[in-house]
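Visitor: So I've got this file, final23.txt, and it contains compact mmCIF, C-alpha atoms:
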# COMPACT_ATOMS: atom_id res chain seq x y z
CA MET A 948 55.77 72.23 28.59
CA PHE A 949 56.84 75.32 30.47
CA VAL A 950 54.38 78.10 30.91
CA ASP A 951 56.45 81.24 30.73
CA ALA A 952 54.61 83.19 33.37
CA ILE A 953 54.90 80.40 35.88
CA VAL A 954 58.54 79.83 35.11
CA THR A 955 59.26 83.49 35.66
CA SER A 956 57.42 83.71 38.90
CA THR A 957 59.00 80.52 40.19
CA ALA A 958 62.42 81.76 39.22
CA ASN A 959 61.82 85.00 41.07
CA ARG A 960 60.63 83.12 44.06
CA ALA A 961 63.79 81.06 43.93
CA VAL A 962 65.83 84.14 44.60
CA ARG A 963 63.85 84.76 47.77
CA LEU A 964 63.83 81.10 48.70
CA ARG A 965 67.56 81.03 48.61
CA HIS A 966 67.61 83.45 51.49
CA ASP A 967 64.60 82.20 53.39
CA VAL A 968 64.84 78.48 53.09
CA SER A 969 68.24 77.36 52.01
CA ASN A 970 69.69 77.59 55.48
CA THR A 971 67.08 75.22 56.80
CA TRP A 972 67.52 72.43 54.34
CA THR A 973 71.24 72.97 53.84
CA THR A 974 71.62 72.37 57.54
CA ALA A 975 69.43 69.30 57.32
CA LEU A 976 71.48 68.07 54.39
CA THR A 977 74.76 68.63 56.22
CA THR A 978 73.55 66.68 59.20
CA ALA A 979 72.37 63.92 56.94
CA ALA A 980 75.74 63.95 55.19
CA ALA A 981 77.62 63.34 58.43
CA ASP A 982 75.24 60.49 59.19
CA LEU A 983 75.78 58.97 55.77
CA ASP A 984 79.55 59.12 56.19
CA ALA A 985 79.28 57.31 59.50
CA LEU A 986 76.95 54.70 57.99
CA LEU A 987 79.34 54.09 55.10
CA ARG A 988 82.21 53.51 57.50
CA ARG A 989 80.10 50.87 59.23
CA VAL A 990 79.09 49.37 55.87
CA ALA A 991 82.81 49.00 55.10
CA GLN A 992 82.99 46.90 58.30
CA ARG A 993 80.28 44.61 56.93
CA ASP A 994 77.53 46.02 59.15
CA THR A 995 74.28 44.97 57.52
CA ASP A 996 72.14 47.17 59.79
CA ALA A 997 74.15 50.20 58.71
CA PHE A 998 73.73 49.11 55.11
CA ALA A 999 69.96 48.93 55.55
CA SER A 1000 69.92 52.40 57.08
CA PHE A 1001 72.10 53.76 54.29
CA TYR A 1002 69.74 52.24 51.75
CA ASP A 1003 66.70 53.75 53.43
CA ALA A 1004 68.29 57.19 53.59
CA THR A 1005 69.22 57.25 49.91
CA ARG A 1006 67.03 54.79 48.02
CA SER A 1007 64.55 57.31 46.64
CA ARG A 1008 67.32 59.48 45.19
CA VAL A 1009 69.06 56.51 43.61
CA TYR A 1010 65.98 54.72 42.31
CA GLY A 1011 64.47 57.99 41.09
CA LEU A 1012 67.60 59.00 39.18
CA VAL A 1013 68.06 55.56 37.69
CA THR A 1014 64.39 55.46 36.65
CA ARG A 1015 64.63 58.92 35.16
CA VAL A 1016 67.50 57.73 32.94
CA LEU A 1017 66.30 54.22 32.13
CA ARG A 1018 62.52 54.79 32.03
CA ASP A 1019 61.91 51.12 32.60
CA GLN A 1020 60.95 49.66 35.94
CA GLY A 1021 62.62 46.29 35.47
CA TYR A 1022 65.92 47.75 34.33
CA SER A 1023 65.74 50.34 37.07
CA GLU A 1024 65.27 47.77 39.81
CA GLU A 1025 68.17 45.69 38.52
CA THR A 1026 70.42 48.69 38.20
CA THR A 1027 69.49 50.00 41.65
CA GLN A 1028 70.30 46.62 43.13
CA ASP A 1029 73.67 46.59 41.31
CA VAL A 1030 74.44 50.07 42.60
CA TYR A 1031 73.87 49.10 46.22
CA LEU A 1032 75.79 45.87 45.84
CA GLN A 1033 78.65 47.98 44.60
CA VAL A 1034 78.24 50.18 47.68
CA TRP A 1035 78.39 47.11 49.88
CA ARG A 1036 81.56 45.92 48.20
CA THR A 1037 83.40 49.20 47.78
CA ALA A 1038 82.29 51.30 50.78
CA GLU A 1039 85.85 51.42 52.08
CA SER A 1040 87.00 53.20 48.94
CA TYR A 1041 84.85 56.20 49.85
CA ASP A 1042 86.88 59.07 51.31
CA PRO A 1043 84.74 61.76 53.00
CA ALA A 1044 87.56 64.31 52.67
CA SER A 1045 87.04 64.45 48.93
CA GLY A 1046 83.29 64.70 48.47
CA SER A 1047 79.95 63.88 50.03
CA ALA A 1048 78.68 60.34 50.36
CA VAL A 1049 75.53 61.19 48.46
CA ALA A 1050 77.55 62.57 45.53
CA TRP A 1051 79.73 59.46 45.57
CA LEU A 1052 76.64 57.27 45.56
CA LEU A 1053 74.76 59.15 42.87
CA THR A 1054 77.85 59.24 40.67
CA LEU A 1055 77.94 55.44 40.84
CA ALA A 1056 74.21 55.26 40.17
CA HIS A 1057 74.29 57.64 37.23
CA ARG A 1058 77.29 55.90 35.70
CA ARG A 1059 75.54 52.54 35.84
CA ALA A 1060 72.29 53.92 34.48
CA VAL A 1061 74.09 55.61 31.59
CA ASP A 1062 76.05 52.46 30.81
CA ARG A 1063 72.81 50.52 30.79
CA VAL A 1064 70.92 52.96 28.60
CA ARG A 1065 73.80 53.08 26.11
CA SER A 1066 74.06 49.33 25.89
CA GLU A 1067 70.29 49.04 25.45
CA GLN A 1068 70.32 51.72 22.79
CA ALA A 1069 73.21 50.06 21.02
CA ALA A 1070 71.23 46.82 21.07
CA THR A 1071 67.94 48.15 19.80
CA GLN A 1072 68.60 51.65 18.48
CA ARG A 1073 65.26 52.46 20.05
CA GLU A 1074 63.92 55.93 19.82
CA SER A 1075 63.90 58.04 22.89
CA ARG A 1076 60.46 58.06 24.43
CA TYR A 1077 60.95 61.54 25.79
CA GLY A 1078 61.11 64.81 24.01
CA ALA A 1079 63.89 67.24 24.66
CA ALA A 1080 63.88 69.79 27.43
CA SER A 1081 61.60 68.15 29.93
CA VAL A 1082 63.55 68.39 33.14
CA GLU A 1083 60.56 68.03 35.37
CA PRO A 1084 59.91 66.22 38.58
CA PRO A 1085 57.75 63.13 38.24
CA ALA A 1086 54.12 64.17 38.58
CA ASP A 1087 53.27 61.34 40.95
CA HIS A 1088 55.88 61.90 43.60
CA VAL A 1089 54.80 61.13 47.11
CA ALA A 1090 55.88 62.72 50.34
CA ASP A 1091 59.38 61.61 51.15
CA ALA A 1092 60.70 61.34 54.67
CA VAL A 1093 64.25 62.01 53.54
CA ILE A 1094 63.84 64.84 51.08
CA SER A 1095 62.01 67.89 52.27
CA GLU A 1096 59.44 69.72 50.22
CA ASP A 1097 61.54 72.85 50.60
CA GLU A 1098 64.54 71.22 49.07
CA ARG A 1099 62.52 69.82 46.21
CA ARG A 1100 60.90 73.18 45.59
CA GLN A 1101 64.19 74.99 45.54
CA VAL A 1102 65.80 72.55 43.12
CA THR A 1103 62.78 72.83 40.85
CA ALA A 1104 63.02 76.60 40.99
CA CYS A 1105 66.72 76.52 40.19
CA LEU A 1106 66.10 74.27 37.20
CA ASP A 1107 63.38 76.62 36.05
CA GLY A 1108 65.88 79.43 36.37
CA LEU A 1109 68.03 77.97 33.59
CA THR A 1110 67.49 78.98 30.01
CA GLU A 1111 65.55 76.66 27.74
CA VAL A 1112 68.68 75.63 25.82
CA GLN A 1113 70.61 74.97 29.04
CA ARG A 1114 67.82 72.74 30.35
CA GLU A 1115 67.74 70.93 27.04
CA CYS A 1116 71.45 70.11 27.29
CA ILE A 1117 71.06 68.78 30.84
CA GLU A 1118 68.05 66.72 29.78
CA LEU A 1119 69.82 65.12 26.85
CA ALA A 1120 73.25 64.66 28.40
CA TYR A 1121 72.40 63.84 31.99
CA TYR A 1122 68.96 62.29 31.86
CA GLN A 1123 69.02 60.66 28.44
CA GLY A 1124 72.62 59.52 28.68
CA MET A 1125 73.84 61.13 25.46
CA THR A 1126 77.44 62.18 24.98
CA TYR A 1127 77.98 65.89 24.37
CA VAL A 1128 78.87 64.98 20.78
CA GLN A 1129 75.47 63.28 20.37
CA VAL A 1130 73.80 66.29 21.97
CA SER A 1131 75.44 68.58 19.43
CA GLU A 1132 74.23 66.35 16.59
CA ARG A 1133 70.72 66.23 18.00
CA LEU A 1134 70.55 69.99 18.40
CA ALA A 1135 72.55 70.78 15.26
CA ALA A 1136 74.71 73.00 17.43
CA ASN A 1137 78.48 73.05 17.35
CA LEU A 1138 80.49 71.29 20.03
CA ALA A 1139 81.80 74.47 21.61
CA THR A 1140 78.25 75.77 21.98
CA VAL A 1141 77.06 72.58 23.62
CA LYS A 1142 80.00 72.48 26.01
CA SER A 1143 79.47 76.09 27.04
CA ARG A 1144 75.70 75.54 27.54
CA MET A 1145 76.43 72.58 29.76
CA ARG A 1146 79.01 74.52 31.73
CA ASP A 1147 76.72 77.51 32.13
CA ALA A 1148 73.84 75.28 33.18
CA LEU A 1149 75.93 73.67 35.89
CA ARG A 1150 77.34 76.98 37.02
CA GLY A 1151 73.82 78.36 37.26
CA LEU A 1152 72.55 75.40 39.25
CA ARG A 1153 75.54 75.41 41.51
CA ASN A 1154 75.17 79.09 42.34
CA CYS A 1155 71.41 78.87 42.74
CA LEU A 1156 71.71 75.89 45.08
CA GLY A 1157 74.65 77.31 46.99
CA VAL A 1158 76.86 74.27 46.39
CA ARG A 1159 80.47 74.97 47.26
CA MET B 343 94.56 76.00 34.69
CA THR B 344 97.06 77.33 32.20
CA GLU B 345 96.10 78.09 28.65
CA PRO B 346 97.28 74.89 26.89
CA HIS B 347 94.89 72.86 29.04
CA SER B 348 91.81 75.01 28.66
CA ASP B 349 90.36 72.64 26.04
CA LEU B 350 90.67 69.87 28.60
CA LEU B 351 89.01 71.92 31.33
CA GLU B 352 86.09 72.53 28.99
CA LEU B 353 85.46 68.80 29.10
CA ALA B 354 85.20 68.67 32.89
CA VAL B 355 81.42 69.15 32.91
CA PRO B 356 80.65 66.58 30.17
CA TYR B 357 83.11 64.22 31.87
CA ALA B 358 81.47 64.69 35.28
CA LEU B 359 78.01 64.12 33.77
CA HIS B 360 79.19 60.91 32.06
CA ALA B 361 78.48 62.65 28.75
CA VAL B 362 81.64 61.53 26.98
CA SER B 363 82.18 58.29 25.09
CA ASP B 364 84.32 55.56 26.64
CA ASP B 365 87.10 56.33 24.16
CA GLU B 366 87.08 60.02 24.95
CA ARG B 367 86.97 59.33 28.67
CA GLY B 368 90.11 57.23 28.26
CA GLU B 369 91.80 60.04 26.36
CA ILE B 370 90.84 62.59 29.00
CA GLU B 371 92.13 60.41 31.82
CA GLY B 372 95.33 59.80 29.87
CA ARG B 373 95.89 63.52 29.48
CA LEU B 374 95.08 64.17 33.14
CA ALA B 375 97.68 61.64 34.19
CA GLN B 376 100.30 63.66 32.31
CA LEU B 377 99.36 66.97 33.92
CA ASP B 378 101.00 68.72 36.83
CA ARG B 379 99.08 68.70 40.04
CA PRO B 380 97.49 72.19 39.91
CA ASP B 381 96.24 71.68 36.35
CA ALA B 382 94.75 68.30 37.14
CA ASP B 383 93.25 69.68 40.36
CA ALA B 384 91.41 72.41 38.45
CA PHE B 385 89.75 69.71 36.37
CA TYR B 386 88.89 67.48 39.32
CA ASP B 387 87.61 70.38 41.41
CA GLU B 388 85.16 71.15 38.62
CA VAL B 389 84.15 67.48 38.43
CA ARG B 390 83.59 67.38 42.17
CA ALA B 391 81.45 70.53 42.12
CA VAL B 392 79.32 69.17 39.26
CA ARG B 393 78.71 65.92 41.10
CA GLU B 394 77.83 67.65 44.36
CA THR B 395 75.42 69.87 42.44
CA MET B 396 73.73 66.98 40.66
CA ALA B 397 73.49 65.14 43.99
CA VAL B 398 71.37 68.03 45.29
CA VAL B 399 69.41 68.12 42.03
CA SER B 400 68.49 64.45 42.55
CA ALA B 401 65.82 65.66 44.98
CA VAL B 402 63.54 66.43 42.04
CA SER B 403 63.75 63.01 40.44
CA ALA B 404 63.44 61.06 43.68
CA SER B 405 60.92 58.28 43.74
CA GLU B 406 60.34 55.33 46.02
CA PRO B 407 61.55 51.94 44.82
CA PRO B 408 59.26 48.93 45.26
CA ALA B 409 59.40 47.60 48.83
CA ASP B 410 60.50 44.12 47.77
CA LEU B 411 63.71 45.54 46.30
CA ARG B 412 64.85 46.18 49.87
CA GLN B 413 64.27 42.57 50.86
CA ARG B 414 66.11 41.23 47.81
CA LEU B 415 69.04 43.54 48.37
CA LEU B 416 69.43 42.77 52.06
CA ALA B 417 69.25 39.06 51.30
CA ALA B 418 71.90 39.48 48.62
CA VAL B 419 74.38 41.31 50.84
CA ALA B 420 73.86 38.93 53.74
CA ASP B 421 75.34 36.16 51.56
CA ASP B 422 77.93 38.30 49.85
CA ASN B 423 81.55 37.70 50.74
CA VAL B 424 83.06 40.00 48.15
CA ARG B 425 85.87 42.16 49.41
CA SER B 426 87.08 45.01 47.35
CA LEU B 427 90.18 47.05 47.98
CA PRO B 428 90.35 50.78 47.46
CA ALA B 429 91.59 51.65 44.00
CA PRO B 430 95.31 52.17 43.61
CA GLN B 431 95.95 55.89 43.79
CA PRO B 432 97.58 57.69 40.90
CA VAL B 433 101.01 59.05 41.75
CA SER B 434 100.50 62.51 40.32
CA THR B 435 97.39 63.37 42.33
CA GLY B 436 96.70 62.89 45.98
CA ARG B 437 92.97 62.70 46.24
CA GLY B 438 91.82 59.28 47.21
CA TRP B 439 88.17 59.86 46.55
CA ARG B 440 88.79 60.98 43.04
CA ALA B 441 90.88 57.95 42.19
CA ALA B 442 88.41 55.68 43.87
CA VAL B 443 85.43 57.18 42.13
CA LEU B 444 87.06 57.05 38.74
CA ALA B 445 87.84 53.43 39.29
CA ALA B 446 84.57 52.57 40.96
CA ALA B 447 82.61 54.37 38.30
CA ALA B 448 84.38 52.35 35.68
CA ALA B 449 84.08 49.17 37.66
CA LEU B 450 81.65 46.59 36.45
CA VAL B 451 80.74 44.65 39.52
CA ILE B 452 78.82 41.72 38.26
CA GLY B 453 75.65 40.59 39.96
CA LEU B 454 75.94 37.60 42.21
CA GLY B 455 74.42 35.19 39.78
CA ALA B 456 76.69 36.16 36.95
CA VAL B 457 79.84 34.49 38.18
CA GLY B 458 78.86 30.99 37.31
CA VAL B 459 80.47 27.62 37.66
CA GLY B 460 79.56 27.06 34.05
CA ILE B 461 82.04 29.69 32.97
CA ALA B 462 84.76 28.14 35.08
CA LEU B 463 84.14 24.78 33.47
CA ARG B 464 84.60 26.11 29.97
CA PRO B 465 86.72 23.40 28.29
CA GLU B 466 90.39 23.65 29.11
CA PRO B 467 91.52 20.11 28.35
CA ALA B 468 94.73 20.02 30.37
CA LYS B 469 93.10 21.47 33.46
CA VAL B 470 89.63 20.01 33.58
CA SER B 471 90.51 17.27 35.99
CA THR B 472 91.84 19.60 38.68
CA ALA B 473 88.86 21.89 38.25
CA GLN B 474 86.48 18.97 38.50
CA GLN B 475 88.21 17.78 41.62
CA VAL B 476 87.87 21.20 43.19
CA PHE B 477 84.22 21.60 42.28
CA GLY B 478 83.48 18.09 43.49
CA ALA B 479 85.30 18.51 46.79
CA LYS B 480 83.36 18.29 50.03
CA ASP B 481 85.04 21.42 51.37
CA VAL B 482 84.61 23.62 48.30
CA HIS B 483 84.68 27.37 49.08
CA THR B 484 84.09 30.40 46.93
CA VAL B 485 85.54 33.83 47.49
CA SER B 486 85.04 36.74 45.16
CA GLY B 487 86.28 40.29 44.79
CA ALA B 488 85.54 43.27 42.59
CA ILE B 489 88.60 44.50 40.75
CA PRO B 490 88.69 48.28 41.20
CA GLY B 491 89.50 48.89 37.54
CA GLY B 492 86.51 46.80 36.47
CA GLY B 493 85.45 43.20 36.60
CA THR B 494 85.37 40.46 39.19
CA ALA B 495 87.77 37.78 40.34
CA THR B 496 86.32 34.64 41.89
CA LEU B 497 88.30 31.79 43.38
CA VAL B 498 86.69 28.40 43.94
CA PHE B 499 89.00 26.34 46.13
CA SER B 500 89.36 23.24 48.24
CA ARG B 501 91.88 22.73 51.03
CA GLU B 502 91.35 19.00 50.80
CA LYS B 503 92.36 18.99 47.12
CA ASN B 504 94.99 21.70 47.76
CA ALA B 505 93.88 23.51 44.62
CA GLY B 506 91.75 26.37 43.35
CA VAL B 507 90.16 27.58 40.15
CA LEU B 508 90.28 31.28 39.45
CA VAL B 509 87.66 32.90 37.24
CA MET B 510 88.09 36.49 36.14
CA ASN B 511 85.17 38.17 34.41
CA ASP B 512 85.41 41.44 32.49
CA VAL B 513 88.73 42.37 34.03
CA PRO B 514 90.52 44.89 31.79
CA LYS B 515 93.77 43.80 30.16
CA PRO B 516 96.96 44.88 31.91
CA ALA B 517 98.63 47.96 30.46
CA PRO B 518 101.25 47.29 27.77
CA GLY B 519 104.54 46.27 29.32
CA THR B 520 102.91 44.96 32.50
CA VAL B 521 101.28 41.75 33.69
CA TYR B 522 98.89 40.78 36.43
CA GLN B 523 100.69 38.56 38.88
CA MET B 524 98.96 36.29 41.36
CA TRP B 525 100.52 35.66 44.75
CA LEU B 526 99.70 33.10 47.38
CA VAL B 527 100.36 34.76 50.70
CA ASP B 528 101.15 32.76 53.82
CA ASN B 529 102.90 33.55 57.09
CA SER B 530 106.32 33.45 55.47
CA GLY B 531 105.46 35.83 52.61
CA ALA B 532 104.20 35.83 49.04
CA THR B 533 104.86 33.12 46.46
CA SER B 534 104.13 33.74 42.80
CA ALA B 535 101.19 31.73 41.51
CA GLY B 536 101.57 32.83 37.92
CA THR B 537 101.16 35.84 35.67
CA MET B 538 98.67 36.94 33.04
CA ASP B 539 99.68 39.19 30.18
CA ASP B 540 97.38 41.14 27.90
CA LYS B 541 96.86 38.11 25.66
CA ALA B 542 95.96 35.87 28.58
CA VAL B 543 93.28 38.21 29.94
CA THR B 544 90.00 37.78 28.06
CA PRO B 545 86.43 38.72 29.03
CA SER B 546 86.31 35.42 30.89
CA THR B 547 89.66 34.11 32.03
CA THR B 548 90.21 30.96 34.06
CA ALA B 549 93.35 29.69 35.74
CA VAL B 550 94.04 26.71 37.92
CA LEU B 551 96.11 27.15 41.08
CA PRO B 552 97.46 23.66 41.81
CA ASP B 553 99.18 24.21 45.17
CA LEU B 554 97.54 26.39 47.80
CA GLY B 555 99.72 25.16 50.69
CA ASP B 556 98.98 27.10 53.87
CA SER B 557 98.21 30.32 52.04
CA LYS B 558 95.89 32.78 53.74
CA ALA B 559 95.13 34.96 50.72
CA LEU B 560 95.41 35.25 46.98
CA LYS B 561 96.74 38.65 46.04
CA PHE B 562 96.89 40.33 42.61
CA THR B 563 99.44 42.94 41.71
CA VAL B 564 100.48 44.75 38.56
CA GLU B 565 104.10 43.94 37.76
CA PRO B 566 106.41 45.25 35.08
CA GLY B 567 107.65 43.15 32.18
CA THR B 568 106.94 39.46 32.58
CA GLY B 569 106.56 39.49 36.33
CA SER B 570 108.57 39.78 39.53
CA THR B 571 109.96 37.41 42.14
CA GLN B 572 108.29 39.39 44.93
CA PRO B 573 105.28 41.74 44.72
CA THR B 574 106.45 45.24 43.81
CA GLY B 575 103.49 46.82 42.05
CA ALA B 576 100.08 48.11 43.06
CA VAL B 577 97.77 45.56 44.68
CA VAL B 578 94.61 45.39 42.61
CA ALA B 579 92.75 42.83 44.70
CA GLU B 580 93.14 40.43 47.56
CA LEU B 581 90.92 37.44 48.21
CA PRO B 582 91.03 35.94 51.70
CA LEU B 583 91.23 32.13 51.59
CA ALA B 584 89.08 31.53 54.60
How does this structure look as structure tokens?
Guide:
Amino acid sequence: MFVDAIVTSTANRAVRLRHDVSNTWTTALTTAAADLDALLRRVAQRDTDAFASFYDATRSRVYGLVTRVLRDQGYSEETTQDVYLQVWRTAESYDPASGSAVAWLLTLAHRRAVDRVRSEQAATQRESRYGAASVEPPADHVADAVISEDERRQVTACLDGLTEVQRECIELAYYQGMTYVQVSERLAANLATVKSRMRDALRGLRNCLGVR
Amino acid sequence: MTEPHSDLLELAVPYALHAVSDDERGEIEGRLAQLDRPDADAFYDEVRAVRETMAVVSAVSASEPPADLRQRLLAAVADDNVRSLPAPQPVSTGRGWRAAVLAAAAALVIGLGAVGVGIALRPEPAKVSTAQQVFGAKDVHTVSGAIPGGGTATLVFSREKNAGVLVMNDVPKPAPGTVYQMWLVDNSGATSAGTMDDKAVTPSTTAVLPDLGDSKALKFTVEPGTGSTQPTGAVVAELPLA
């Protein structure tokens, strides 16, 4: 799916983008993070307006991630609803000193999506509808008030900056919900290789995105 | 992280991406609980960084949910009286978020419709009459809480009948050598309302509480052996009886 020339040029551009753009959206993200923390504290106090605002600020990330994993609209809506109910019920367990609210939320969302996809697969042993190594943004994404085009472009560029085998591991493990042992079976690669590809992929993304 | 734990540290990324089986996750968490603080911190710092990174990456998969999902969700929380306590924190590590996320990630908070009266009325010959009285009472109340380690506890109770029916769904069994103990808490303190050992806790467990008295809350703790005379262990949940 990846056209080499485009990948290369995007990856090169990513290096420049990191200097030009990252300050802008990192600042925006930091501001948003403080807002999300404050909203979660109010959610813990049973503030339904704060809950609605929290939902609006994060819904496209959560629904998009869940959909990416589950690839089924009905399941994705149910799972998204479960995720936010869990937020409503457990907001007071979130501690801003130990991580961002959005990471806390997306960890919950990903966990639930993976649990769902594994239970569905156990039930039906259905074949994956996606091929390997297609970490791509949905083609039909619309302008999002919460996520800037710059941020989206940079993340895409950072993903493109990974090697093909690193992307493949992220696709299978993170987006298809496989265990690293299943990934190694699928790729006929040994476990140590798969673990180091995953680690290198994350290290690459982390550095490229400037996550501390 | 020192050399003997390097194989564990290699699992931090798969662990953070939820790319380990449930069994292996249990093993990893068991090993982490045995580690000294700096070794465990190296693992959890890696987990935290992975999750922060993937949170940023979520920008590329973002897509708008259907508008009616918002309406359904807001309606659901408006009627939701579930109260969930922060997860008990492990002794060896001090990071609340980490403990809470591990527990919350493992938690299976059941949708509102799933905790049904039908489950509570599963035949229990000796207790059916009390349960029926409670469910038939004019002042029947329901209070529900997510158990941080997974599952939900729901109490259906009536002050008029001075009794309640507890339903626990998908709550994990207590660790070997411990029990869950229920406490009715009133102004003068906590009174034991019974214990549940690993054999008593099933995917759907019911218990009748015959004497609520003036209690303000039903509290659950983990207690050693066959239970205690006063709560000593970690509080896993507390349901307000209001």
Visitor: Would you work out the distance separating CA of Leu416 in chain B from CA of Glu1024 in chain A, expressed in Å to one decimal?
Guide: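 These atoms are spaced 13.9 Å apart.
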Visitor: Could you work out how far CA of Ala420 in chain B lies from CA of Thr995 in chain A, giving the answer in Å with one decimal?
Guide: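 Spanning CA of Thr995 in chain A to CA of Ala420 in chain B is a straight-line distance of 7.1 Å.
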Visitor: Go ahead and compute the interatomic distance for CA of Asn529 in chain B and CA of Thr548 in chain B, in Å to one decimal.
Guide: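 Distance reported for this atom pair: 26.4 Å.
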Visitor: Name the residues in contact with Asp553 in chain B at a cut-off of 9 Å, using only C-alpha atoms, excluding same-chain residues fewer than 6 positions from it; report them as a PyMOL selection string.
Guide: chain B and resi 503-506+535
Visitor: Give me, as a VMD selection string, all polymer residues having an atom no more than 10 Å from Ala532 in chain B, counting all atoms listed in the file and skipping those fewer than 2 positions away in the same chain.
Guide: chain B and resid 524 to 530 534 to 535 557 559 to 561 571 to 573
Visitor: Excluding range 980-994 of chain A and any residue of its chain fewer than 3 positions from it, enumerate the residues within 9 Å of it, using only C-alpha atoms, and give them as a count of residues only.
Guide: 23
Visitor: At a cut-off of 6 Å from (61.0, 67.6, 43.7) in the coordinates of the file, what residues are picked up using all atoms listed in the file, written as an MDAnalysis selection string?
Guide: (chainID A and resid 1084 1099:1100) or (chainID B and resid 401:402)
Visitor: Neighbouring residues of range 1115-1122 of chain A were defined as those with any atom within 9 Å, considering only C-alpha atoms; residues of the same chain fewer than 3 positions away were excluded. Please report them as a PyMOL selection string.
Guide: (chain A and resi 1012-1013+1015-1017+1057+1061+1079-1082+1110-1112+1125-1127+1129-1131+1133-1134+1141-1142+1144-1145+1148-1149) or (chain B and resi 356+359-361)
Visitor: Since we have the selection now, will you write its residues out, keeping C-alpha atoms, as a PDB file, in the frame of the given file?
Guide:
ATOM      1  CA  LEU A1012      67.600  59.000  39.180  1.00  0.00           C
ATOM      2  CA  VAL A1013      68.060  55.560  37.690  1.00  0.00           C
ATOM      3  CA  ARG A1015      64.630  58.920  35.160  1.00  0.00           C
ATOM      4  CA  VAL A1016      67.500  57.730  32.940  1.00  0.00           C
ATOM      5  CA  LEU A1017      66.300  54.220  32.130  1.00  0.00           C
ATOM      6  CA  HIS A1057      74.290  57.640  37.230  1.00  0.00           C
ATOM      7  CA  VAL A1061      74.090  55.610  31.590  1.00  0.00           C
ATOM      8  CA  ALA A1079      63.890  67.240  24.660  1.00  0.00           C
ATOM      9  CA  ALA A1080      63.880  69.790  27.430  1.00  0.00           C
ATOM     10  CA  SER A1081      61.600  68.150  29.930  1.00  0.00           C
ATOM     11  CA  VAL A1082      63.550  68.390  33.140  1.00  0.00           C
ATOM     12  CA  THR A1110      67.490  78.980  30.010  1.00  0.00           C
ATOM     13  CA  GLU A1111      65.550  76.660  27.740  1.00  0.00           C
ATOM     14  CA  VAL A1112      68.680  75.630  25.820  1.00  0.00           C
ATOM     15  CA  MET A1125      73.840  61.130  25.460  1.00  0.00           C
ATOM     16  CA  THR A1126      77.440  62.180  24.980  1.00  0.00           C
ATOM     17  CA  TYR A1127      77.980  65.890  24.370  1.00  0.00           C
ATOM     18  CA  GLN A1129      75.470  63.280  20.370  1.00  0.00           C
ATOM     19  CA  VAL A1130      73.800  66.290  21.970  1.00  0.00           C
ATOM     20  CA  SER A1131      75.440  68.580  19.430  1.00  0.00           C
ATOM     21  CA  ARG A1133      70.720  66.230  18.000  1.00  0.00           C
ATOM     22  CA  LEU A1134      70.550  69.990  18.400  1.00  0.00           C
ATOM     23  CA  VAL A1141      77.060  72.580  23.620  1.00  0.00           C
ATOM     24  CA  LYS A1142      80.000  72.480  26.010  1.00  0.00           C
ATOM     25  CA  ARG A1144      75.700  75.540  27.540  1.00  0.00           C
ATOM     26  CA  MET A1145      76.430  72.580  29.760  1.00  0.00           C
ATOM     27  CA  ALA A1148      73.840  75.280  33.180  1.00  0.00           C
ATOM     28  CA  LEU A1149      75.930  73.670  35.890  1.00  0.00           C
TER      29      LEU A1149
ATOM     30  CA  PRO B 356      80.650  66.580  30.170  1.00  0.00           C
ATOM     31  CA  LEU B 359      78.010  64.120  33.770  1.00  0.00           C
ATOM     32  CA  HIS B 360      79.190  60.910  32.060  1.00  0.00           C
ATOM     33  CA  ALA B 361      78.480  62.650  28.750  1.00  0.00           C
TER      34      ALA B 361
END
Visitor: Within 10 Å of Glu502 in chain B, counting all atoms listed in the file, which residues qualify if same-chain residues fewer than 3 places away don't, as a ChimeraX atom specification?
Guide: /B:475-476,479-482,499,505
Visitor: Identify the residues within 10 Å of coordinate (82.8, 55.5, 28.5) (same frame as the file), considering all atoms listed in the file, and give the answer as a PyMOL selection string.
Guide: (chain A and resi 1058+1061-1062+1065+1126) or (chain B and resi 357+360-368+447-448)
Visitor: What box, with edges along x, y and z, holds each listed atom of range 532-538 of chain B when 6 Å is added on every side, and can you state its centre and edge lengths in Å to one decimal, as lines of an AutoDock Vina configuration file?
Guide:
center_x = 101.8
center_y = 34.3
center_z = 41.0
size_x = 18.2
size_y = 17.2
size_z = 28.0
Visitor: Could you tell me which of B:Asp383, B:Glu388, B:Glu565, B:Glu406 comes closest to chain A if we count only C-alpha atoms?
Guide: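 Using only C-alpha atoms, chain A sits closest to B:Glu406.
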